[in-house]
Amino acid sequence: MSIAILTNHKDPKSWKKALQEKLPNVQIDIVGESEMAFNAEFLVCWKPEKGQLKDFPNLKVIQSLGAGVDHIFDTNLIPTNRKVVRIVDPNLMVDMWEYTLAATMNYLKDFPIYAQQQNKKAWIQHKYKTISTTTVSVMGLGKIGGYVAEQFAKLGFKVQGWSNSIKTIKGVKSFAGQLDLSLFLKNTDVLINILPLTANTTGILNTTFLEKLPRGAYLINVGRGGHLIEADLLPLIEAGQLSGATLDVFQEEPLPKNHPFWIHAKIVVTPHIASLTNIESAVNQVVENYQRMVKGEGLLNEVSPKKGY
Ligand code: GLV
């Protein structure tokens with residue numbers, strides 16, 4: 001049994017080194033370096049190209065190198081006898097929490113505005129917002145979203161969450177389904193999207209949806225670029241319906257140089273760094289999944305192909 005590593009926009013060599021240290025007797029090949037890779041039963045994978053997984057006839061397990069698996073289901077038809085597993089790592093939860101907190105505080109205290117004023121040496125005070133009067137609404141209360149929502153509540157924010165089913169999280173008002181959606185959006189000051197990207201959630205952040213927010217709400221998208229209809233965002237900001245956005249994910253990544261988001265005063269752009277899989281902390285679960293596959297045991301963090309997460 002062997003392992004192949006197939007990555008786009010992630011370094012395959014560090015993964016090979018980390019895996020080989022833990023599995024010294026296992027054949028591990030990087031796609032593009034060795035034809036042997038195509039014999040593998042276990043594929044460590046990030047953003048495969050369209051149809052590329054057809055080239056691996058022996059594949060049993062596809063291990064995503066991130067929390068998300070949309071990059072696998074979007075580009076490849078996965079036969080039912082192949083299992084797809086993802087990374088669930090406490091570091092991803094904490095890192096996402098730190099990023100969303102930073103983006104929220106940045107907005108509450110107008111730092112992007114002051115950065116622009118500083119360029120012009122302009123001394124103009126703005127009325128700031130506070131934690132206790134701000135409602136943060138988290139879309140997606142899975143492992144990461146649930147943790148993020150709970151931490152915001154612990155800090156004293158008013159917190160709501162929206163997901164497929166009602167969740168019990170301390171300090172978080174839980175909403176579920178389409179019926180609850182208007183109610184959820186109505187009271188939101190900062191909307192944070194951490195949903196998985198599926199057929200049901202693609203394009204969810206569109207004009208009709210975002211118009212249900214109170215005027216002047218703020219958007220943070222750390223889910224996937226495919227959640228946001230990008231062309232809808234600028235008119236909503238220009239009209240004052242949204243006061244701005246922090247975006248970490250985009251329809252096309254890297255964000256094309258001529259994209260208007262780069263230079264918009266009310267949009268903060270970061271290059272998909274909100275929470276990055278840390279090899280040292282994630283390698284053990286990849287090794288464990290490989291060993292479980294060899295022994296024919298149940299896998300860790302298996303994804304439902306039907307649900308897509
Ligand atoms: C990052 O985007 C991930 O899916 O882990």
# chains A, B, ... in the order shown; residues from 1 in each chain; ligands from 1
$ closest_atom_pairs --of "chain A" --to "ligand 1" --cutoff "12 Å" --atoms "only C-alpha atoms and all ligand atoms" --output "JSON lines"
{"residue": "A:His9", "atom": "CA", "partner": "ligand 1", "partner_atom_place_in_ligand_line": "2 (O)", "distance": 11.4}
{"residue": "A:Lys10", "atom": "CA", "partner": "ligand 1", "partner_atom_place_in_ligand_line": "1 (C)", "distance": 11.0}
{"residue": "A:Cys45", "atom": "CA", "partner": "ligand 1", "partner_atom_place_in_ligand_line": "4 (O)", "distance": 11.4}
{"residue": "A:Trp46", "atom": "CA", "partner": "ligand 1", "partner_atom_place_in_ligand_line": "4 (O)", "distance": 9.0}
{"residue": "A:Lys47", "atom": "CA", "partner": "ligand 1", "partner_atom_place_in_ligand_line": "4 (O)", "distance": 10.0}
{"residue": "A:Gln63", "atom": "CA", "partner": "ligand 1", "partner_atom_place_in_ligand_line": "4 (O)", "distance": 11.8}
{"residue": "A:Ser64", "atom": "CA", "partner": "ligand 1", "partner_atom_place_in_ligand_line": "4 (O)", "distance": 8.1}
{"residue": "A:Leu65", "atom": "CA", "partner": "ligand 1", "partner_atom_place_in_ligand_line": "5 (O)", "distance": 6.8}
{"residue": "A:Gly66", "atom": "CA", "partner": "ligand 1", "partner_atom_place_in_ligand_line": "5 (O)", "distance": 3.2}
{"residue": "A:Ala67", "atom": "CA", "partner": "ligand 1", "partner_atom_place_in_ligand_line": "5 (O)", "distance": 3.7}
{"residue": "A:Gly68", "atom": "CA", "partner": "ligand 1", "partner_atom_place_in_ligand_line": "4 (O)", "distance": 3.5}
{"residue": "A:Val69", "atom": "CA", "partner": "ligand 1", "partner_atom_place_in_ligand_line": "4 (O)", "distance": 6.7}
{"residue": "A:Asp70", "atom": "CA", "partner": "ligand 1", "partner_atom_place_in_ligand_line": "4 (O)", "distance": 8.2}
{"residue": "A:His71", "atom": "CA", "partner": "ligand 1", "partner_atom_place_in_ligand_line": "4 (O)", "distance": 8.5}
{"residue": "A:Ile72", "atom": "CA", "partner": "ligand 1", "partner_atom_place_in_ligand_line": "4 (O)", "distance": 10.8}
{"residue": "A:Val85", "atom": "CA", "partner": "ligand 1", "partner_atom_place_in_ligand_line": "4 (O)", "distance": 11.8}
{"residue": "A:Arg86", "atom": "CA", "partner": "ligand 1", "partner_atom_place_in_ligand_line": "4 (O)", "distance": 8.4}
{"residue": "A:Ile87", "atom": "CA", "partner": "ligand 1", "partner_atom_place_in_ligand_line": "5 (O)", "distance": 7.2}
{"residue": "A:Val88", "atom": "CA", "partner": "ligand 1", "partner_atom_place_in_ligand_line": "5 (O)", "distance": 8.7}
{"residue": "A:Asp89", "atom": "CA", "partner": "ligand 1", "partner_atom_place_in_ligand_line": "5 (O)", "distance": 9.4}
{"residue": "A:Pro90", "atom": "CA", "partner": "ligand 1", "partner_atom_place_in_ligand_line": "5 (O)", "distance": 11.7}
{"residue": "A:Asn91", "atom": "CA", "partner": "ligand 1", "partner_atom_place_in_ligand_line": "5 (O)", "distance": 10.6}
{"residue": "A:Leu92", "atom": "CA", "partner": "ligand 1", "partner_atom_place_in_ligand_line": "5 (O)", "distance": 7.3}
{"residue": "A:Met93", "atom": "CA", "partner": "ligand 1", "partner_atom_place_in_ligand_line": "5 (O)", "distance": 10.0}
{"residue": "A:Asp95", "atom": "CA", "partner": "ligand 1", "partner_atom_place_in_ligand_line": "5 (O)", "distance": 10.8}
{"residue": "A:Met96", "atom": "CA", "partner": "ligand 1", "partner_atom_place_in_ligand_line": "1 (C)", "distance": 9.8}
{"residue": "A:Lys143", "atom": "CA", "partner": "ligand 1", "partner_atom_place_in_ligand_line": "5 (O)", "distance": 12.0}
{"residue": "A:Ile144", "atom": "CA", "partner": "ligand 1", "partner_atom_place_in_ligand_line": "5 (O)", "distance": 10.1}
{"residue": "A:Ile194", "atom": "CA", "partner": "ligand 1", "partner_atom_place_in_ligand_line": "2 (O)", "distance": 10.1}
{"residue": "A:Leu195", "atom": "CA", "partner": "ligand 1", "partner_atom_place_in_ligand_line": "4 (O)", "distance": 10.9}
{"residue": "A:Pro196", "atom": "CA", "partner": "ligand 1", "partner_atom_place_in_ligand_line": "4 (O)", "distance": 8.8}
{"residue": "A:Leu197", "atom": "CA", "partner": "ligand 1", "partner_atom_place_in_ligand_line": "4 (O)", "distance": 10.0}
{"residue": "A:Asn221", "atom": "CA", "partner": "ligand 1", "partner_atom_place_in_ligand_line": "2 (O)", "distance": 11.4}
{"residue": "A:Val222", "atom": "CA", "partner": "ligand 1", "partner_atom_place_in_ligand_line": "2 (O)", "distance": 8.0}
{"residue": "A:Gly223", "atom": "CA", "partner": "ligand 1", "partner_atom_place_in_ligand_line": "2 (O)", "distance": 7.4}
{"residue": "A:Arg224", "atom": "CA", "partner": "ligand 1", "partner_atom_place_in_ligand_line": "2 (O)", "distance": 7.4}
{"residue": "A:Gly225", "atom": "CA", "partner": "ligand 1", "partner_atom_place_in_ligand_line": "2 (O)", "distance": 10.1}
{"residue": "A:Asp248", "atom": "CA", "partner": "ligand 1", "partner_atom_place_in_ligand_line": "2 (O)", "distance": 9.3}
{"residue": "A:Val249", "atom": "CA", "partner": "ligand 1", "partner_atom_place_in_ligand_line": "2 (O)", "distance": 8.1}
{"residue": "A:Phe250", "atom": "CA", "partner": "ligand 1", "partner_atom_place_in_ligand_line": "2 (O)", "distance": 10.9}
{"residue": "A:Glu253", "atom": "CA", "partner": "ligand 1", "partner_atom_place_in_ligand_line": "2 (O)", "distance": 11.4}
{"residue": "A:Pro271", "atom": "CA", "partner": "ligand 1", "partner_atom_place_in_ligand_line": "2 (O)", "distance": 10.6}
{"residue": "A:His272", "atom": "CA", "partner": "ligand 1", "partner_atom_place_in_ligand_line": "2 (O)", "distance": 6.8}
{"residue": "A:Ile273", "atom": "CA", "partner": "ligand 1", "partner_atom_place_in_ligand_line": "2 (O)", "distance": 7.9}
{"residue": "A:Ala274", "atom": "CA", "partner": "ligand 1", "partner_atom_place_in_ligand_line": "2 (O)", "distance": 7.8}
{"residue": "A:Ser275", "atom": "CA", "partner": "ligand 1", "partner_atom_place_in_ligand_line": "1 (C)", "distance": 6.3}
{"residue": "A:Leu276", "atom": "CA", "partner": "ligand 1", "partner_atom_place_in_ligand_line": "5 (O)", "distance": 6.0}
{"residue": "A:Thr277", "atom": "CA", "partner": "ligand 1", "partner_atom_place_in_ligand_line": "5 (O)", "distance": 5.9}
{"residue": "A:Asn278", "atom": "CA", "partner": "ligand 1", "partner_atom_place_in_ligand_line": "5 (O)", "distance": 9.6}
{"residue": "A:Ile279", "atom": "CA", "partner": "ligand 1", "partner_atom_place_in_ligand_line": "5 (O)", "distance": 11.6}
{"residue": "A:Ala282", "atom": "CA", "partner": "ligand 1", "partner_atom_place_in_ligand_line": "5 (O)", "distance": 10.8}
{"residue": "A:Tyr309", "atom": "CA", "partner": "ligand 1", "partner_atom_place_in_ligand_line": "4 (O)", "distance": 10.6}
$ select_by_dssp --residues "stretch 88-246 of chain A" --states "alpha helix (DSSP H)" --output "ChimeraX atom specification"
/A:90-108,111-119,143-155,177-186,207-210,230-238
$ residues_around --residues "A:Leu101" --least-positions-apart "4" --cutoff "10 Å" --atoms "only C-alpha atoms" --output "list in words"
Asp95, Met96, Trp97, Met105, Asn106, Tyr107, Val148, Gln151, Phe152 and Leu155 of chain A
$ residues_around --residues "stretch 226-241 of chain A" --least-positions-apart "3" --cutoff "10 Å" --atoms "only C-alpha atoms" --output "compact mmCIF listing (two decimals) with C-alpha atoms, in the first residue's frame"
# COMPACT_ATOMS: atom_id res chain seq x y z
CA ASP A 70 -15.28 21.29 -1.74
CA ASN A 193 -19.59 33.22 6.91
CA ILE A 194 -17.93 29.90 7.84
CA LEU A 195 -20.31 27.61 5.93
CA PRO A 196 -18.98 24.68 3.93
CA LEU A 197 -19.34 25.20 0.17
CA THR A 198 -22.01 22.85 -1.16
CA ASN A 200 -27.01 24.54 -1.32
CA THR A 201 -24.64 27.26 -0.14
CA THR A 202 -22.97 28.31 -3.41
CA GLY A 203 -23.79 31.98 -4.08
CA ILE A 204 -25.69 32.33 -0.78
CA LEU A 205 -24.11 35.74 -0.12
CA ASN A 206 -26.01 37.60 -2.84
CA THR A 207 -27.97 40.87 -3.06
CA THR A 208 -31.33 39.44 -1.94
CA LEU A 210 -27.50 40.65 2.10
CA GLU A 211 -30.37 43.13 1.77
CA LYS A 212 -32.04 41.32 4.67
CA LEU A 213 -29.28 42.65 6.94
CA PRO A 214 -29.85 45.96 8.72
CA ARG A 215 -28.35 48.90 6.85
CA GLY A 216 -24.64 49.32 7.52
CA ALA A 217 -23.89 45.71 8.57
CA TYR A 218 -20.38 44.36 8.00
CA LEU A 219 -19.44 41.14 6.16
CA ASN A 221 -16.17 35.89 4.49
CA VAL A 222 -13.83 33.14 5.61
CA GLY A 223 -15.86 30.30 4.06
CA GLY A 244 -17.65 47.13 4.25
CA ALA A 245 -16.18 43.65 4.17
CA LEU A 247 -12.60 38.84 2.62
CA VAL A 249 -11.49 33.80 0.12
CA PHE A 250 -12.33 34.58 -3.50
CA GLN A 251 -13.93 33.12 -6.61
CA GLU A 252 -10.49 33.04 -8.19
CA PRO A 260 -11.64 45.87 -7.92
CA PHE A 261 -11.57 44.42 -4.37
CA HIS A 264 -11.56 49.34 -2.52
CA LYS A 266 -14.00 49.57 2.44
CA ILE A 267 -12.76 46.08 1.63
$ atom_distance --atom1 "atom CA of A:Glu150" --atom2 "atom CA of A:Val172"
6.6 Å
$ closest_residue --among "A:Glu49, A:Asp55, A:Asp180, A:Glu98" --to "A:Met36" --atoms "only C-alpha atoms"
A:Asp55
$ closest_residue --among "A:Phe38, A:Val190, A:Lys22, A:Trp162" --to "A:Gln285" --atoms "only C-alpha atoms"
A:Lys22
$ atom_distance --atom1 "atom CA of A:Leu19" --atom2 "atom CA of A:Asn81"
24.5 Å
$ atom_distance --atom1 "atom CA of A:Gly145" --atom2 "atom CA of A:Thr168"
12.7 Å
$ select_by_dssp --residues "stretch 16-216 of chain A" --states "strand (DSSP E)" --output "MDAnalysis selection string"
chainID A and resid 27:30 42:46 61:64 83:85 135:139 158:163 172:176 190:193
$ write_last_selection --atoms "C-alpha atoms" --output "tab-separated table (two decimals), in the first residue's frame"
chain	number	residue	atom	x	y	z
A	27	GLN	CA	6.27	4.28	-0.33
A	28	ILE	CA	5.29	7.97	-0.61
A	29	ASP	CA	5.34	9.70	-4.02
A	30	ILE	CA	4.61	13.23	-5.15
A	42	PHE	CA	-4.14	6.70	-0.19
A	43	LEU	CA	-4.08	10.20	-1.68
A	44	VAL	CA	-3.11	13.29	0.30
A	45	CYS	CA	-4.76	15.99	-1.69
A	46	TRP	CA	-5.29	19.76	-2.06
A	61	VAL	CA	-8.99	7.09	0.55
A	62	ILE	CA	-8.73	10.77	-0.41
A	63	GLN	CA	-7.40	12.84	2.46
A	64	SER	CA	-8.07	16.59	2.09
A	83	LYS	CA	-13.72	7.54	1.17
A	84	VAL	CA	-13.06	11.26	1.54
A	85	VAL	CA	-11.65	12.50	4.85
A	135	THR	CA	-24.27	41.36	17.47
A	136	VAL	CA	-22.02	38.92	15.66
A	137	SER	CA	-23.84	36.37	13.50
A	138	VAL	CA	-22.01	33.24	12.47
A	139	MET	CA	-23.21	31.25	9.46
A	158	LYS	CA	-24.16	39.25	21.46
A	159	VAL	CA	-23.93	36.15	19.28
A	160	GLN	CA	-26.26	34.34	16.92
A	161	GLY	CA	-25.57	31.29	14.79
A	162	TRP	CA	-27.28	29.82	11.76
A	163	SER	CA	-26.86	26.23	10.60
A	172	VAL	CA	-25.19	31.62	21.24
A	173	LYS	CA	-28.73	32.07	19.94
A	174	SER	CA	-29.19	29.29	17.41
A	175	PHE	CA	-31.23	29.59	14.21
A	176	ALA	CA	-31.79	26.94	11.55
A	190	VAL	CA	-21.25	41.65	11.80
A	191	LEU	CA	-22.00	38.65	9.57
A	192	ILE	CA	-19.31	35.96	9.53
A	193	ASN	CA	-19.59	33.22	6.91
$ closest_residue --among "A:Leu181, A:Tyr290, A:Ser34, A:Thr188" --to "A:Phe209" --atoms "only C-alpha atoms"
A:Leu181
